[in-house]
Amino acid sequence: MGQGWTRPVPGALAFALGVGLLFTLPELPAGWALALPAAALAWLAQRWAPLRLPLLVVLGTLWAHLAAREMLCHPFPADLTNLDLRLEGRVASLPEARPGTTRFQFLVERAWRGEEEADFRGRVRLSWREAPDLRVGERRVLAARLKPPHGFANPGGFDYERWLFQNGILATGYVREKGDLGLLDPGPGPFWLDRWRQGLGERLGASLGDSPARGVMLALVLGERAGISTEQWAMLTRTGVNHLVAISGLHVGLVAASAFFLVRRAWSRRPGLALRLAAPRAGALGGLAAALIYSGLAGFAVSTQRALIMLTVILVALLWARTPRLWTGLVFALAGVLLLDPLAVLSYGFWLSFGAVAALLLGLGHRLPATDLWSRWGRAQWVVTLGLLPLLLLLFGRASLISPAVNLVAVPLFGLLLPLVLATAALALVTGLAWPWIWTADLVAWLLEGLSALASWPWAALSLSGRPDWTWVAAFGGALLLLAPRGLPGRWLGLPLLLPLALLRPPAPAAGDAWFDLLDVGQGLAAVVRTADGVLVFDTGPAFAGGFNTGEAVVAPFLREMGVNGIDILVLSHGDQDHAGGLAGLRAQVPIGLILAGEPQARAEPEGTSAGGPPWEPCQAGRGWEWSGVRFSILHPPSQGREGNAASCVMRVDAEGGSLLITGDLGWSGERQLAREIPLASTLLVAGHHGSNTSTSAELLAAVRPRWVLYSSGFANRYGFPATKVRERVRASGAAELNTAETGAIGFVLSPTGLTGPKLYREKHRRLWSWRRAVAEEGDGGEELATPSPRPGQYP
């Protein structure tokens, strides 16, 4: 296209914009719909310069289309869902060992269904109970069951399907019992770097034993955060220092700067070397080499890619005796990362990494430097906090309020600590001398104790409920104005533009309204009823091997998104794990006023909770209350002492515009007794026992006469719920039916004006990567042994 075709910085930004635009679409456009405009713009741009930037936008979109097409056009075959498969391939990630299960990625090279080879290749994520010692890169044959990428879909929840898509994972599943069919090749193959990292981590971790700092120490050296506990990660997030415990641009920059000054100083002391290559240029090469090695330790994560490209631009400028421009380096890094991996734009770390550097350049780049070091450093912390505040609240719904003060001390302290960590790690690996490494871990453990004390302050972090889209646009505009140089006309508008984000609240029920949401918790149950005077949660969903539970990961984020600060009454229908498993996680996140339990005799206080928790009372027929014109009635059990499904608490909610009936896991006999003794007519019915044939009997349906029957079941669950016979009975009754496994969270409003809904979360939040029924039909067997989602607050 010729020299000077377009300026590089605007061109790089235009390309990056095009990449991002593709992932805002709900469907993948046809390739020709992008290729034809690109060809036309390329021809026209030769003649009219203003079209060159639009051309680069289209080229960026086309580049992202090529990357997305590889996954979307070659999905996991739906007809293989939950069938016994024989998979041949390589372990493609560092295994994550959790209590009861090990999770890892597996690159499938060949697959068989019985004796017939299946048409499937690609990366999958597997769980394995009692797994052997897995080595990254080794080639194995496994017996497994798979299903298409699918995650919980709820307001305020983590988008697991996006995470799978970003990481190129085409299916999830589990290794069958006795599924180890043989080791074909113990070598690392193309995964030699991760095998090396795995070996380093095992050697360093073994010397630390069960030290509370073990996970953090390995994260500082290798960028692996799997060893950091959920509690530690929550503490680091509340204090705003979570960016310090995994290899990021800050780490790479510190290592590169240290290497630059050390090499330059050593080189300058050798006149013969300095005559051949100037000391600053030698330092630049040394810094770049150190950054490359340290980034390799982190597996070349997105943040390290950004730092590497920026450092390359800056250090190459030094090699060529040019003045480096930081904005140019940042923009080139942005385009470079997206050239390497267009899907990186879906990573939270991508936005935080580039956002932090952009905020620093904008907030400090056009100001006179302060007269003393602490003033300069304090201004930098203020700039990063202000610049990232809207982004953190948008991505996670929370941000640390004490982050500026904590980082004012923590970052320079960390600048001294990181070289010590790396030096003692190298000493332990090279010489076997482990005691300096252990003492350094003790120092880090002491610092973690101090951070834990700070995190316990009630006002340490700010949580934010859902906001309209326009408030986020205004907030980002306000932050940019406040970061702009003084004297900019209209800069004072920054604060008013931030105010809507702080002052607006989500809509709330009016008097007489009952807002009902059936949450998507997989094979379990969790429902929320909100009124003007109170909030009720019915069951908390399941807990999984490895510590994940839907009380913490689904119910609490939903309440936070809706602006709910506490639960007035929590009903636990009975003690089964798929109904009460999320209690511990929910209690840790949200205050609860009262717990009504169908099996109070089975009460087990969650480990680590205090005795001063909410009172427990039996859920028993005859109990009822009214909130702002909405009547809540307990219909079952008639007496205490029942166990299992027969003890299920049955609740009816009556509003002027309709009614709701939830029966827990109550079986046919209990349903028939209710149908004979109590008027049950209701607008909405939550099918009993997730759609099992042991519930939702014809007698119950005849008594309830629902307009809608709602199933809360797991995607492709091993029980085949909702059962075919149940669905046939529901259809024969004339009721419409919905399943959270297909629709995500389901919402209805019962108001004096009538029933409004359903509001289906998947329908309103469809993205390129979202599960679609046309791609994957229901299966009839198999269930993952561990939760699919990363720990709350720990973005991949």
# chains A, B, ... in the order shown; residues from 1 in each chain; ligands from 1
$ closest_atom_pairs --of "stretch 491-548 of chain A" --to "stretch 710-728 of chain A" --cutoff "10 Å" --atoms "only C-alpha atoms" --output "JSON lines"
{"residue": "A:Leu518", "atom": "CA", "partner": "A:Ser712", "partner_atom": "CA", "distance": 7.6}
{"residue": "A:Leu519", "atom": "CA", "partner": "A:Ser712", "partner_atom": "CA", "distance": 7.9}
{"residue": "A:Asp520", "atom": "CA", "partner": "A:Ser712", "partner_atom": "CA", "distance": 6.9}
{"residue": "A:Val521", "atom": "CA", "partner": "A:Gly714", "partner_atom": "CA", "distance": 7.4}
{"residue": "A:Gly522", "atom": "CA", "partner": "A:Gly714", "partner_atom": "CA", "distance": 3.8}
{"residue": "A:Gln523", "atom": "CA", "partner": "A:Gly714", "partner_atom": "CA", "distance": 3.9}
{"residue": "A:Gly524", "atom": "CA", "partner": "A:Ser713", "partner_atom": "CA", "distance": 6.3}
{"residue": "A:Leu525", "atom": "CA", "partner": "A:Ser712", "partner_atom": "CA", "distance": 6.0}
{"residue": "A:Ala526", "atom": "CA", "partner": "A:Ser712", "partner_atom": "CA", "distance": 8.3}
{"residue": "A:Ala527", "atom": "CA", "partner": "A:Ser712", "partner_atom": "CA", "distance": 9.5}
{"residue": "A:Gly541", "atom": "CA", "partner": "A:Ser712", "partner_atom": "CA", "distance": 9.9}
$ closest_residue --among "A:Trp163, A:Ala92, A:Leu388, A:Leu273" --to "A:Gly189" --atoms "only C-alpha atoms"
A:Ala92
$ closest_residue --among "A:Ala153, A:Leu244, A:Arg705, A:Leu288" --to "A:Ser258" --atoms "only C-alpha atoms"
A:Leu288
$ atom_distance --atom1 "atom CA of A:Pro155" --atom2 "atom CA of A:Phe558"
5.5 Å
$ residues_around --residues "stretch 27-34 of chain A" --least-positions-apart "5" --cutoff "7 Å" --atoms "only C-alpha atoms" --output "compact mmCIF listing (two decimals) with all heavy atoms, in the first residue's frame"
# COMPACT_ATOMS: atom_id res chain seq x y z
N VAL A 58 -12.58 -2.91 9.53
CA VAL A 58 -13.16 -4.11 8.92
C VAL A 58 -12.14 -5.25 8.91
O VAL A 58 -12.50 -6.41 9.14
CB VAL A 58 -13.65 -3.79 7.50
CG1 VAL A 58 -14.17 -5.05 6.81
CG2 VAL A 58 -14.75 -2.74 7.54
N LEU A 62 -12.59 -8.89 10.52
CA LEU A 62 -12.37 -10.10 9.71
C LEU A 62 -11.35 -11.01 10.39
O LEU A 62 -11.50 -12.24 10.38
CB LEU A 62 -11.91 -9.70 8.31
CG LEU A 62 -11.84 -10.81 7.26
CD1 LEU A 62 -13.19 -11.48 7.08
CD2 LEU A 62 -11.34 -10.25 5.93
N ARG A 767 -24.74 -14.07 23.13
CA ARG A 767 -23.46 -13.66 22.56
C ARG A 767 -22.98 -14.74 21.58
O ARG A 767 -23.56 -15.81 21.48
CB ARG A 767 -22.41 -13.46 23.67
CG ARG A 767 -22.75 -12.34 24.63
CD ARG A 767 -22.65 -10.98 23.96
NE ARG A 767 -22.87 -9.89 24.90
CZ ARG A 767 -24.04 -9.31 25.15
NH1 ARG A 767 -25.12 -9.77 24.52
NH2 ARG A 767 -24.15 -8.33 26.00
N LEU A 768 -21.91 -14.42 20.87
CA LEU A 768 -21.35 -15.38 19.92
C LEU A 768 -21.11 -16.74 20.54
O LEU A 768 -21.36 -17.78 19.93
CB LEU A 768 -20.01 -14.87 19.37
CG LEU A 768 -20.00 -13.71 18.37
CD1 LEU A 768 -18.56 -13.39 18.02
CD2 LEU A 768 -20.80 -14.05 17.14
$ residues_around --residues "stretch 412-429 of chain A" --least-positions-apart "5" --cutoff "9 Å" --atoms "only C-alpha atoms" --output "ChimeraX atom specification"
/A:200,203-204,207,217,220-221,244,251,254-255,258,407,434-438,440-441,444
$ residues_around --residues "A:Leu392" --least-positions-apart "2" --cutoff "12 Å" --atoms "only C-alpha atoms" --output "PyMOL selection string"
chain A and resi 237-238+240+348-349+351-353+355-356+384-390+394-401+461-464+472+475-476+793+795
$ atom_distance --atom1 "atom CA of A:Ser573" --atom2 "atom CA of A:Thr663"
8.2 Å
$ closest_atom_pairs --of "stretch 607-647 of chain A" --to "stretch 752-766 of chain A" --cutoff "12 Å" --atoms "only C-alpha atoms" --output "Markdown table"
| residue | atom | partner | partner_atom | distance |
| --- | --- | --- | --- | --- |
| A:Ser628 | CA | A:Pro752 | CA | 12.0 |
| A:Gly629 | CA | A:Pro752 | CA | 9.9 |
| A:Val630 | CA | A:Pro752 | CA | 10.3 |
$ closest_residue --among "A:Glu699, A:Asp517, A:Glu117, A:Glu109" --to "A:Gly667" --atoms "only C-alpha atoms"
A:Glu699
$ closest_residue --among "A:Val357, A:Pro148, A:Trp320, A:Leu499" --to "A:Asn82" --atoms "only C-alpha atoms"
A:Pro148
$ select_by_dssp --residues "stretch 25-177 of chain A" --states "helix (DSSP H, G or I)" --output "PyMOL selection string"
chain A and resi 31-45+49-72+78-80+160-166
$ residues_around --residues "A:Leu362" --least-positions-apart "5" --cutoff "12 Å" --atoms "only C-alpha atoms" --output "list of chain:residue names"
A:Leu326, A:Trp327, A:Leu330, A:Gly355, A:Ala356, A:Val357, A:Arg367, A:Ala380, A:Val383, A:Val384, A:Leu386, A:Gly387, A:Ala479, A:Leu480, A:Leu481, A:Leu482, A:Leu483, A:Ala484, A:Pro485, A:Arg486
$ atom_distance --atom1 "atom CA of A:Leu315" --atom2 "atom CA of A:Val245"
25.9 Å
$ residues_around --residues "A:Ala12" --least-positions-apart "4" --cutoff "7 Å" --atoms "only C-alpha atoms" --output "compact mmCIF listing (two decimals) with C-alpha atoms, in the first residue's frame"
# COMPACT_ATOMS: atom_id res chain seq x y z
CA PRO A 8 0.61 3.64 12.71
CA ALA A 16 -8.16 -3.24 17.66
CA VAL A 331 -1.08 1.03 21.22
CA PHE A 332 1.34 -1.28 19.41
CA ALA A 335 -2.66 -4.42 18.35
